[in-house]
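Chemist: First the structure, which I've put down as structure tokens, then a few questions once you've had a look.
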Amino acid sequence: MKNTVLTKVSALVLSAAASLSFIAPSVGARTVIPPMHNANGTPVIIQRTVVNTVPFRVPYVLGSFNLGNAGSVNANISQATYYSGSRQVVFRKARGNTGLVANFPGTYHVNISGRSVVLKGTNQGYFTAQWSSGGYNYSISCNTPMNYAQMEFLVSHLTNS
């Protein structure tokens with residue numbers, strides 16, 4: 001079962017408290033599981049667990065963002081990408097460098113959920129966040145600027161991944 005990839009949600013019976021675990025596909029591959037909704041159309045909040053060299057657990061719904069894909073970038077980096085319309089948030093957990101290169105004029109050191117976080121951005125808002133916890137390094141990068149409250153929400157909900 002070590003190299004098995006679950007890609008068919010229909011084969012699983014999930015409740016709101018359930019989690020979906022799978023083995024990440026080969027490097028660079030993407031697995032997408034369509035959103036699940038209950039009878040009244042509300043998204044069912046589940047989590048996906050990626051098991052590879054850098055295991056992580058990410059929520060399927062993150063505020064207005066829905067999980068698009070999750071997997072491994074390489075043996076040392078796991079990644080989840082969230083979408084909300086044309087907005088995109090990329091979350092990475094790594095052993096070592098997350099691979100995030102962010103050259104923005106503003107660098108801000110803040111405390112979010114008890115973590116020392118470096119936010120980078122412009123006068124329009126923040127585009128990246130980086131922090132360390134439990135022997136791993138984490139990063140968030142956004143394709144559109146986020147205000148402080150939005151970035152705080154993302155960091156606090158992804159810190160325990």
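Starting from 1 in every chain, residues are counted up; chains themselves are A, B, ... following the order of the structure tokens, and ligands are numbered from 1 as listed.
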Would you give me, as an mmCIF file with C-alpha atoms, in the first residue's frame, the residues in stretch 97-155 of chain A that DSSP reads as alpha helix (DSSP H)?
Modeler:
```cif
data_model
loop_
_atom_site.group_PDB
_atom_site.id
_atom_site.type_symbol
_atom_site.label_atom_id
_atom_site.label_comp_id
_atom_site.auth_asym_id
_atom_site.auth_seq_id
_atom_site.Cartn_x
_atom_site.Cartn_y
_atom_site.Cartn_z
ATOM 1 C CA TYR A 148 -2.688 41.371 8.020
ATOM 2 C CA ALA A 149 -5.916 39.745 9.260
ATOM 3 C CA GLN A 150 -6.062 37.479 6.193
ATOM 4 C CA MET A 151 -2.425 36.431 6.550
ATOM 5 C CA GLU A 152 -2.907 35.880 10.290
ATOM 6 C CA PHE A 153 -5.878 33.601 9.513
ATOM 7 C CA LEU A 154 -3.859 31.572 6.984
ATOM 8 C CA VAL A 155 -0.820 31.170 9.246
#
```
Chemist: Give me the residues within 12 Å of stretch 120-123 of chain A as a tab-separated table (two decimals) with C-alpha atoms, in the first residue's frame, counting only C-alpha atoms and dropping any in the same chain fewer than 5 places off.
Modeler:
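Written out: result_4.tsv:
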```
chain	number	residue	atom	x	y	z
A	100	LEU	CA	10.23	30.31	-1.48
A	101	VAL	CA	12.04	33.23	-3.08
A	102	ALA	CA	10.36	36.50	-2.17
A	103	ASN	CA	11.87	39.83	-3.11
A	104	PHE	CA	9.48	42.43	-1.77
A	105	PRO	CA	10.45	45.86	-0.40
A	106	GLY	CA	8.72	45.38	2.96
A	107	THR	CA	9.78	42.77	5.53
A	108	TYR	CA	7.85	42.58	8.80
A	109	HIS	CA	8.58	40.37	11.82
A	110	VAL	CA	5.35	39.55	13.70
A	128	THR	CA	4.38	35.81	1.66
A	129	ALA	CA	4.74	34.43	5.17
A	130	GLN	CA	7.53	32.22	6.52
A	131	TRP	CA	7.98	30.54	9.92
A	139	SER	CA	5.78	29.21	3.86
A	140	ILE	CA	2.70	30.75	2.32
A	141	SER	CA	2.79	32.63	-0.96
A	142	CYS	CA	-0.17	34.46	-2.50
A	143	ASN	CA	-0.68	35.71	-6.05
A	144	THR	CA	-2.65	38.70	-4.76
A	145	PRO	CA	-1.92	40.84	-1.70
A	146	MET	CA	-3.45	39.90	1.65
A	147	ASN	CA	-4.07	42.22	4.57
A	148	TYR	CA	-2.69	41.37	8.02
A	151	MET	CA	-2.43	36.43	6.55
```
Chemist: Distance atom CA of A:Gly85-atom CA of A:Val54, one decimal place?
Modeler: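 If I compute the distance from atom CA of A:Gly85 to atom CA of A:Val54, I get 28.7 Å.
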Chemist: Could you pull the residues within 9 Å of A:Asn76, counting only C-alpha atoms, minus those fewer than 4 positions along the same chain, as a short mmCIF file (atom, residue, chain, number, x, y, z; two decimals) with C-alpha atoms, in the first residue's frame?
Modeler:
```
data_model
loop_
_atom_site.label_atom_id
_atom_site.label_comp_id
_atom_site.auth_asym_id
_atom_site.auth_seq_id
_atom_site.Cartn_x
_atom_site.Cartn_y
_atom_site.Cartn_z
CA ASN A 52 5.71 11.21 2.14
CA THR A 53 9.09 12.26 3.46
CA VAL A 54 7.52 15.46 4.85
CA SER A 72 5.21 16.52 -2.75
CA LYS A 93 6.06 22.51 4.67
CA ALA A 94 9.71 21.53 4.37
CA ARG A 95 12.62 19.91 6.02
CA GLY A 96 15.13 22.65 5.22
CA ASN A 97 14.37 25.44 2.76
CA THR A 98 10.77 25.73 1.48
#
```
Chemist: Suppose you want the space between atom CA of A:Gly71 and atom CA of A:Phe56; what is it in Å?
Modeler: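 So the answer is 9.4 Å.
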Chemist: Separation of atom CA of A:Val61 and atom CA of A:Leu158, in Å?
Modeler: 11.4 Å
Chemist: For A:Ala80, please output as an MDAnalysis selection string all residues within 6 Å (counting only C-alpha atoms; exclusion window: fewer than 2 positions along the same chain).
Modeler: chainID A and resid 69:70 90:91
Chemist: Could you turn the residues from that selection into a file that holds C-alpha atoms, as a CSV table (one decimal), in the first residue's frame?
Modeler:
```
chain,number,residue,atom,x,y,z
A,69,ASN,CA,-4.1,20.0,-5.0
A,70,ALA,CA,-1.6,18.6,-2.5
A,90,VAL,CA,0.4,28.1,-2.0
A,91,PHE,CA,1.4,26.5,1.4
```
